[in-house]
file final-v4.txt (compact mmCIF, C-alpha atoms)
# COMPACT_ATOMS: atom_id res chain seq x y z
CA MET A 1 0.00 0.00 0.00
CA ASP A 2 1.33 3.46 -0.92
CA LYS A 3 2.35 5.67 1.99
CA LEU A 4 0.59 8.97 2.62
CA ILE A 5 2.33 11.96 1.06
CA ILE A 6 1.68 15.61 1.87
CA LEU A 7 3.36 18.74 0.51
CA CYS A 8 5.06 21.50 2.46
CA SER A 9 7.74 24.20 2.33
CA PHE A 10 11.10 24.13 4.09
CA ASN A 11 9.63 26.51 6.67
CA GLU A 12 7.40 23.66 7.85
CA ILE A 13 10.16 21.07 8.32
CA GLU A 14 10.19 21.18 12.12
CA ALA A 15 6.38 21.06 12.41
CA ARG A 16 6.05 18.10 10.07
CA LEU A 17 8.82 16.19 11.85
CA ASN A 18 7.07 16.79 15.17
CA GLU A 19 3.89 15.35 13.66
CA GLY A 20 5.67 12.12 12.79
CA TYR A 21 6.31 12.70 9.10
CA LYS A 22 9.49 11.68 7.33
CA VAL A 23 10.49 14.85 5.49
CA ILE A 24 12.05 14.51 2.03
CA SER A 25 13.44 17.33 -0.11
CA ILE A 26 12.76 16.97 -3.82
CA THR A 27 15.12 19.80 -4.83
CA GLY A 28 18.39 18.57 -3.35
CA LYS A 29 20.18 19.56 -0.17
CA VAL A 30 18.38 21.93 2.19
CA TYR A 31 20.17 25.27 2.34
CA GLY A 32 19.15 28.12 4.61
CA ASN A 33 18.36 28.66 8.28
CA TYR A 34 15.69 25.98 8.79
CA LEU A 35 15.25 24.15 12.07
CA LYS A 36 16.02 20.39 11.98
CA LYS A 37 17.07 20.58 8.33
CA GLU A 38 19.74 17.95 9.04
CA GLU A 39 16.92 15.41 9.48
CA VAL A 40 15.61 15.94 5.95
CA LYS A 41 16.26 13.18 3.43
CA THR A 42 16.85 13.78 -0.27
CA ILE A 43 16.15 11.85 -3.45
CA ARG A 44 19.48 10.97 -5.01
CA GLY A 45 19.99 12.51 -8.44
CA LEU A 46 17.15 15.02 -8.13
CA SER A 47 18.04 18.68 -7.65
CA THR A 48 17.22 22.08 -9.10
CA TYR A 49 20.54 23.93 -8.87
CA ARG A 50 20.71 24.18 -12.67
CA SER A 51 17.49 26.21 -12.59
CA TYR A 52 18.97 28.91 -10.34
CA TYR A 53 19.05 31.67 -12.95
CA HIS A 54 15.70 30.68 -14.43
CA GLU A 55 14.11 30.94 -10.99
CA ARG A 56 15.68 34.36 -10.39
CA ALA A 57 14.39 35.55 -13.77
CA ARG A 58 10.94 34.11 -12.88
CA ASP A 59 11.17 31.97 -15.99
CA PHE A 60 8.84 29.34 -14.56
CA LEU A 61 8.27 27.65 -17.91
CA ALA A 62 11.99 26.88 -18.10
CA CYS A 63 11.95 25.59 -14.51
CA LEU A 64 9.06 23.27 -15.32
CA ILE A 65 10.69 21.91 -18.46
CA LEU A 66 14.00 21.21 -16.71
CA TYR A 67 12.41 19.60 -13.66
CA ASP A 68 10.10 17.44 -15.76
CA LYS A 69 13.17 16.34 -17.72
CA GLU A 70 14.92 15.27 -14.51
CA LEU A 71 11.85 13.33 -13.34
CA GLU A 72 11.66 11.63 -16.72
CA ARG A 73 15.37 10.80 -16.60
CA LEU A 74 15.13 9.14 -13.19
CA GLY A 75 11.84 7.41 -13.95
CA TYR A 76 8.85 6.70 -11.75
CA GLU A 77 9.98 3.36 -10.33
CA ARG A 78 13.35 4.70 -9.24
CA ILE A 79 11.76 7.76 -7.66
CA ARG A 80 9.09 5.71 -5.89
CA ASN A 81 11.70 3.33 -4.53
CA SER A 82 13.79 6.28 -3.34
CA ILE A 83 10.80 7.66 -1.45
CA LEU A 84 10.08 4.31 0.20
CA GLU A 85 13.73 3.80 1.11
CA ALA A 86 14.11 7.32 2.54
CA SER A 87 10.92 7.04 4.59
CA GLY A 88 11.93 3.77 6.26
CA GLU A 89 9.27 2.59 8.70
CA ARG A 90 7.34 5.87 8.55
CA ASN A 91 3.98 5.72 6.77
CA LYS A 92 3.63 9.50 6.54
CA ILE A 93 5.86 11.50 4.19
CA ALA A 94 6.17 15.25 3.73
CA ILE A 95 7.60 16.22 0.34
CA CYS A 96 9.13 19.67 0.52
CA ASP A 97 10.97 22.44 -1.29
CA LYS A 98 11.84 26.01 -0.39
CA ASN A 99 9.00 28.19 -1.68
CA GLU A 100 5.61 28.95 -0.18
CA ASP A 101 2.34 27.91 -1.84
CA SER A 102 1.85 31.49 -3.02
CA ASP A 103 4.86 31.31 -5.35
CA PHE A 104 6.22 28.84 -7.89
CA CYS A 105 7.32 25.59 -6.24
CA TYR A 106 8.55 22.20 -7.43
CA ARG A 107 6.59 19.99 -5.04
CA TYR A 108 3.39 20.32 -7.05
CA ILE A 109 5.23 19.31 -10.23
CA PHE A 110 6.54 16.33 -8.27
CA ALA A 111 3.07 15.51 -6.93
CA ASN A 112 1.60 15.77 -10.42
CA PHE A 113 4.26 13.32 -11.65
CA LEU A 114 3.33 10.83 -8.93
CA LEU A 115 -0.39 11.15 -9.66
CA GLN A 116 0.11 10.70 -13.38
CA ASN A 117 2.02 7.49 -12.68
CA GLY A 118 -0.67 6.04 -10.44
CA TYR A 119 0.60 7.01 -6.96
CA ASN A 120 -2.72 8.35 -5.71
CA ASN A 121 -2.14 8.67 -1.96
CA VAL A 122 -0.96 12.27 -2.31
CA VAL A 123 -2.74 15.11 -0.50
CA ILE A 124 -2.86 18.28 -2.61
CA ASP A 125 -4.63 21.60 -2.33
CA GLU A 126 -6.60 21.90 -5.58
CA ALA A 127 -6.58 25.70 -5.43
CA VAL A 128 -2.80 25.75 -5.06
CA MET A 129 -2.42 23.14 -7.81
CA ASN A 130 -4.48 25.29 -10.19
CA LYS A 131 -2.35 28.32 -9.33
CA GLN A 132 0.82 26.32 -9.88
CA LYS A 133 -0.43 25.11 -13.27
CA GLU A 134 -0.91 28.73 -14.29
CA LEU A 135 2.69 29.47 -13.29
CA TRP A 136 3.95 26.45 -15.26
CA SER A 137 2.93 28.15 -18.48
CA TYR A 138 4.37 31.54 -17.47
CA ASP A 139 6.93 32.56 -20.10
CA VAL A 140 8.53 35.72 -18.76
CA TYR A 141 10.00 36.64 -22.14
CA LYS A 142 6.60 36.54 -23.84
CA VAL A 143 5.24 38.72 -21.05
CA ARG A 144 8.04 41.27 -21.56
CA GLY A 145 7.15 41.52 -25.23
CA HIS A 146 9.28 42.80 -28.11
CA HIS A 147 9.82 45.90 -30.28
CA ASN A 148 8.44 44.66 -33.63
CA ILE A 149 11.91 44.84 -35.12
CA ALA A 150 12.12 43.70 -38.75
CA LEU A 151 14.00 40.49 -39.51
CA GLU A 152 15.92 42.24 -42.28
CA THR A 153 17.15 44.81 -39.76
CA ILE A 154 18.43 42.02 -37.50
CA LYS A 155 20.15 40.24 -40.39
CA ALA A 156 21.83 43.44 -41.59
CA SER A 157 23.04 44.23 -38.05
CA PHE A 158 24.49 40.76 -37.60
CA GLU A 159 26.26 40.93 -40.97
CA THR A 160 28.14 44.06 -39.94
CA ALA A 161 28.71 43.07 -36.29
CA ASN A 162 32.14 42.12 -34.98
CA TRP A 163 32.06 38.41 -34.00
CA HIS A 164 34.59 36.77 -31.67
CA PHE A 165 35.22 33.04 -31.61
CA ALA A 166 34.67 31.54 -28.14
CA LYS A 167 38.16 30.07 -27.65
CA THR A 168 37.39 28.68 -24.18
CA MET A 169 34.65 26.38 -25.48
CA PRO A 170 36.18 24.39 -28.36
CA LYS A 171 33.72 21.51 -27.83
CA ASN A 172 30.85 23.92 -28.41
CA PRO A 173 32.11 26.01 -31.33
CA HIS A 174 30.35 29.36 -31.47
CA SER A 175 30.99 33.08 -31.68
CA TYR A 176 29.67 36.11 -29.85
CA THR A 177 29.21 39.80 -30.49
CA LEU A 178 29.58 42.30 -27.67
CA ARG A 179 27.05 44.97 -26.79
CA LYS A 180 29.79 47.53 -26.18
CA GLU A 181 31.06 47.00 -29.75
CA PHE A 182 27.67 46.82 -31.44
CA GLY A 183 27.46 50.55 -32.11
CA ASN A 184 23.76 50.92 -31.32
CA ASP A 185 22.75 50.05 -27.77
CA GLU A 186 19.02 50.49 -28.35
CA LEU A 187 19.08 48.22 -31.40
CA PHE A 188 21.16 45.62 -29.56
CA LEU A 189 18.60 45.41 -26.73
CA SER A 190 15.73 45.26 -29.23
CA ILE A 191 17.40 42.27 -30.87
CA VAL A 192 17.88 40.65 -27.46
CA LYS A 193 14.14 41.02 -26.75
CA HIS A 194 13.33 39.60 -30.18
CA ILE A 195 15.54 36.54 -29.65
CA ARG A 196 14.08 35.86 -26.22
CA ASN A 197 10.50 36.36 -27.36
CA PHE A 198 10.58 34.39 -30.61
CA GLY A 199 13.42 31.94 -29.94
CA ALA A 200 12.75 28.21 -29.73
CA ILE A 201 13.30 26.59 -26.34
CA GLN A 202 16.31 24.25 -26.25
CA ILE A 203 18.08 22.45 -23.43
CA PHE A 204 21.88 22.58 -23.34
CA GLU A 205 23.85 21.26 -20.36
CA LYS A 206 20.68 21.25 -18.24
CA GLN A 207 19.82 24.90 -18.86
CA ILE A 208 17.17 26.44 -21.08
CA TYR A 209 18.15 28.65 -24.00
CA ARG A 210 15.86 30.38 -26.47
CA THR A 211 17.50 30.10 -29.87
CA LEU A 212 16.49 32.14 -32.88
CA THR A 213 17.30 30.58 -36.25
CA ILE A 214 18.11 32.91 -39.14
CA ASP A 215 19.23 31.28 -42.36
CA ASN A 216 21.96 28.80 -41.35
CA HIS A 217 22.76 30.24 -37.90
CA GLN A 218 21.27 30.09 -34.42
CA TYR A 219 21.44 33.04 -32.03
CA TRP A 220 20.91 33.07 -28.26
CA THR A 221 21.58 34.99 -25.04
CA MET A 222 22.74 33.79 -21.63
CA ALA A 223 20.32 32.59 -18.95
CA CYS A 224 22.38 34.31 -16.25
CA ASP A 225 21.45 37.70 -17.76
CA LEU A 226 18.16 37.95 -15.90
CA GLU A 227 16.82 41.14 -17.44
CA ASP A 228 17.11 41.99 -21.13
CA GLU A 229 19.10 45.08 -20.13
CA ASP A 230 21.65 42.81 -18.42
CA CYS A 231 22.71 41.21 -21.69
CA ASP A 232 26.17 42.23 -22.85
CA LEU A 233 26.59 39.68 -25.64
CA ILE A 234 24.72 37.63 -28.24
CA ASN A 235 25.97 34.20 -29.26
CA LYS A 236 25.73 32.48 -32.61
CA CYS A 237 26.63 29.09 -34.06
CA GLU A 238 26.47 27.68 -37.56
CA LEU A 239 23.93 24.94 -38.19
CA ASN A 240 25.25 21.73 -39.67

call {"tool": "encode", "arguments": {"input": "final-v4.txt", "output": "structure tokens"}}
result
Amino acid sequence: MDKLIILCSFNEIEARLNEGYKVISITGKVYGNYLKKEEVKTIRGLSTYRSYYHERARDFLACLILYDKELERLGYERIRNSILEASGERNKIAICDKNEDSDFCYRYIFANFLLQNGYNNVVIDEAVMNKQKELWSYDVYKVRGHHNIALETIKASFETANWHFAKTMPKNPHSYTLRKEFGNDELFLSIVKHIRNFGAIQIFEKQIYRTLTIDNHQYWTMACDLEDEDCDLINKCELN
């Protein structure tokens, strides 16, 4: 028989432990000043540290895609067995991550994964689940919008831009153009917004990039540049 699973934030760790729950983090090690955090178990191989910049940018769509990918990689049986092993003799489990119900959190993605795979003994708040599902589709770059810049303007700017080969990444051959050398700061930022708004979502080394394809090249910005105005370079690679 499946053990009872509830959902909570890291702030509730002590309370849930006192109620007899085995507390399990589904985002990796517990960082921060939380009481009794040393008693929290983790699921091996499941963490969200690669989503750090996406979370800071409030790019919840990217967070969802990456976390779903990790769940898929581990597989339901392995995850279920990890839960049962971590819980030991306890029949009550509290699945937790850092955020409150009022903000984006991973535990409802995790709960949804369990439910979809037939683990039905999971207690969820339907109102919170509905709110979380709204956040899962939140694409911050679509919300920010774009400047209706013409494709021909972008192509002409890229043709005259100064491109530098990324010497430190020979296994990922690409070039980049610098904002400070672009010659038109307003145009550079408009192109950044265009790439982020219209670019296709791709996963590379467990991070999300939005890549815009023009002719035989792909262009993208860095996830660590949270706001469009933070971007100081645009990357490009040639398509094979």

call {"tool": "closest_atom_pairs", "arguments": {"input": "final-v4.txt", "of": "segment 40-147 of chain A", "to": "segment 175-194 of chain A", "cutoff": "9 Å", "atoms": "all atoms listed in the file", "output": "Markdown table"}}
result
| residue | atom | partner | partner_atom | distance |
| --- | --- | --- | --- | --- |
| A:Tyr141 | CA | A:Lys193 | CA | 7.6 |
| A:Arg144 | CA | A:Lys193 | CA | 8.0 |
| A:Gly145 | CA | A:Lys193 | CA | 7.2 |
| A:His146 | CA | A:Lys193 | CA | 5.4 |
| A:His147 | CA | A:Ser190 | CA | 6.0 |

call {"tool": "atom_distance", "arguments": {"input": "final-v4.txt", "atom1": "atom CA of Leu233 of chain A", "atom2": "atom CA of Trp136 of chain A"}}
result
28.2 Å

call {"tool": "closest_residue", "arguments": {"input": "final-v4.txt", "among": "A:Glu12, A:Asp230, A:Asp68, A:Asp215", "to": "Ile95 of chain A", "atoms": "all atoms listed in the file"}}
result
A:Glu12

call {"tool": "atom_distance", "arguments": {"input": "final-v4.txt", "atom1": "atom CA of Glu238 of chain A", "atom2": "atom CA of Cys63 of chain A"}}
result
27.3 Å

call {"tool": "residues_near_point", "arguments": {"input": "final-v4.txt", "point": "(15.0, 5.6, -6.7)", "cutoff": "12 Å", "atoms": "only C-alpha atoms", "output": "compact mmCIF listing (two decimals) with C-alpha atoms, keeping the file's coordinate frame"}}
result
# COMPACT_ATOMS: atom_id res chain seq x y z
CA ILE A 26 12.76 16.97 -3.82
CA THR A 42 16.85 13.78 -0.27
CA ILE A 43 16.15 11.85 -3.45
CA ARG A 44 19.48 10.97 -5.01
CA GLY A 45 19.99 12.51 -8.44
CA LEU A 46 17.15 15.02 -8.13
CA LEU A 71 11.85 13.33 -13.34
CA ARG A 73 15.37 10.80 -16.60
CA LEU A 74 15.13 9.14 -13.19
CA GLY A 75 11.84 7.41 -13.95
CA TYR A 76 8.85 6.70 -11.75
CA GLU A 77 9.98 3.36 -10.33
CA ARG A 78 13.35 4.70 -9.24
CA ILE A 79 11.76 7.76 -7.66
CA ARG A 80 9.09 5.71 -5.89
CA ASN A 81 11.70 3.33 -4.53
CA SER A 82 13.79 6.28 -3.34
CA ILE A 83 10.80 7.66 -1.45
CA LEU A 84 10.08 4.31 0.20
CA GLU A 85 13.73 3.80 1.11
CA ALA A 86 14.11 7.32 2.54

call {"tool": "residues_near_point", "arguments": {"input": "final-v4.txt", "point": "(6.2, 12.3, -0.4)", "cutoff": "12 Å", "atoms": "only C-alpha atoms", "output": "ChimeraX atom specification"}}
result
/A:2-8,16,21-26,40-43,79-87,90-97,107-108,110-115,119-124

call {"tool": "closest_residue", "arguments": {"input": "final-v4.txt", "among": "A:Thr211, A:Asn235, A:Ala127, A:Gln132", "to": "Asp103 of chain A", "atoms": "only C-alpha atoms"}}
result
A:Gln132

call {"tool": "atom_distance", "arguments": {"input": "final-v4.txt", "atom1": "atom CA of Glu152 of chain A", "atom2": "atom CA of Ile214 of chain A"}}
result
10.1 Å

call {"tool": "closest_residue", "arguments": {"input": "final-v4.txt", "among": "A:Gln202, A:Thr221, A:Asn148, A:Gln207", "to": "Ser51 of chain A", "atoms": "only C-alpha atoms"}}
result
A:Gln207
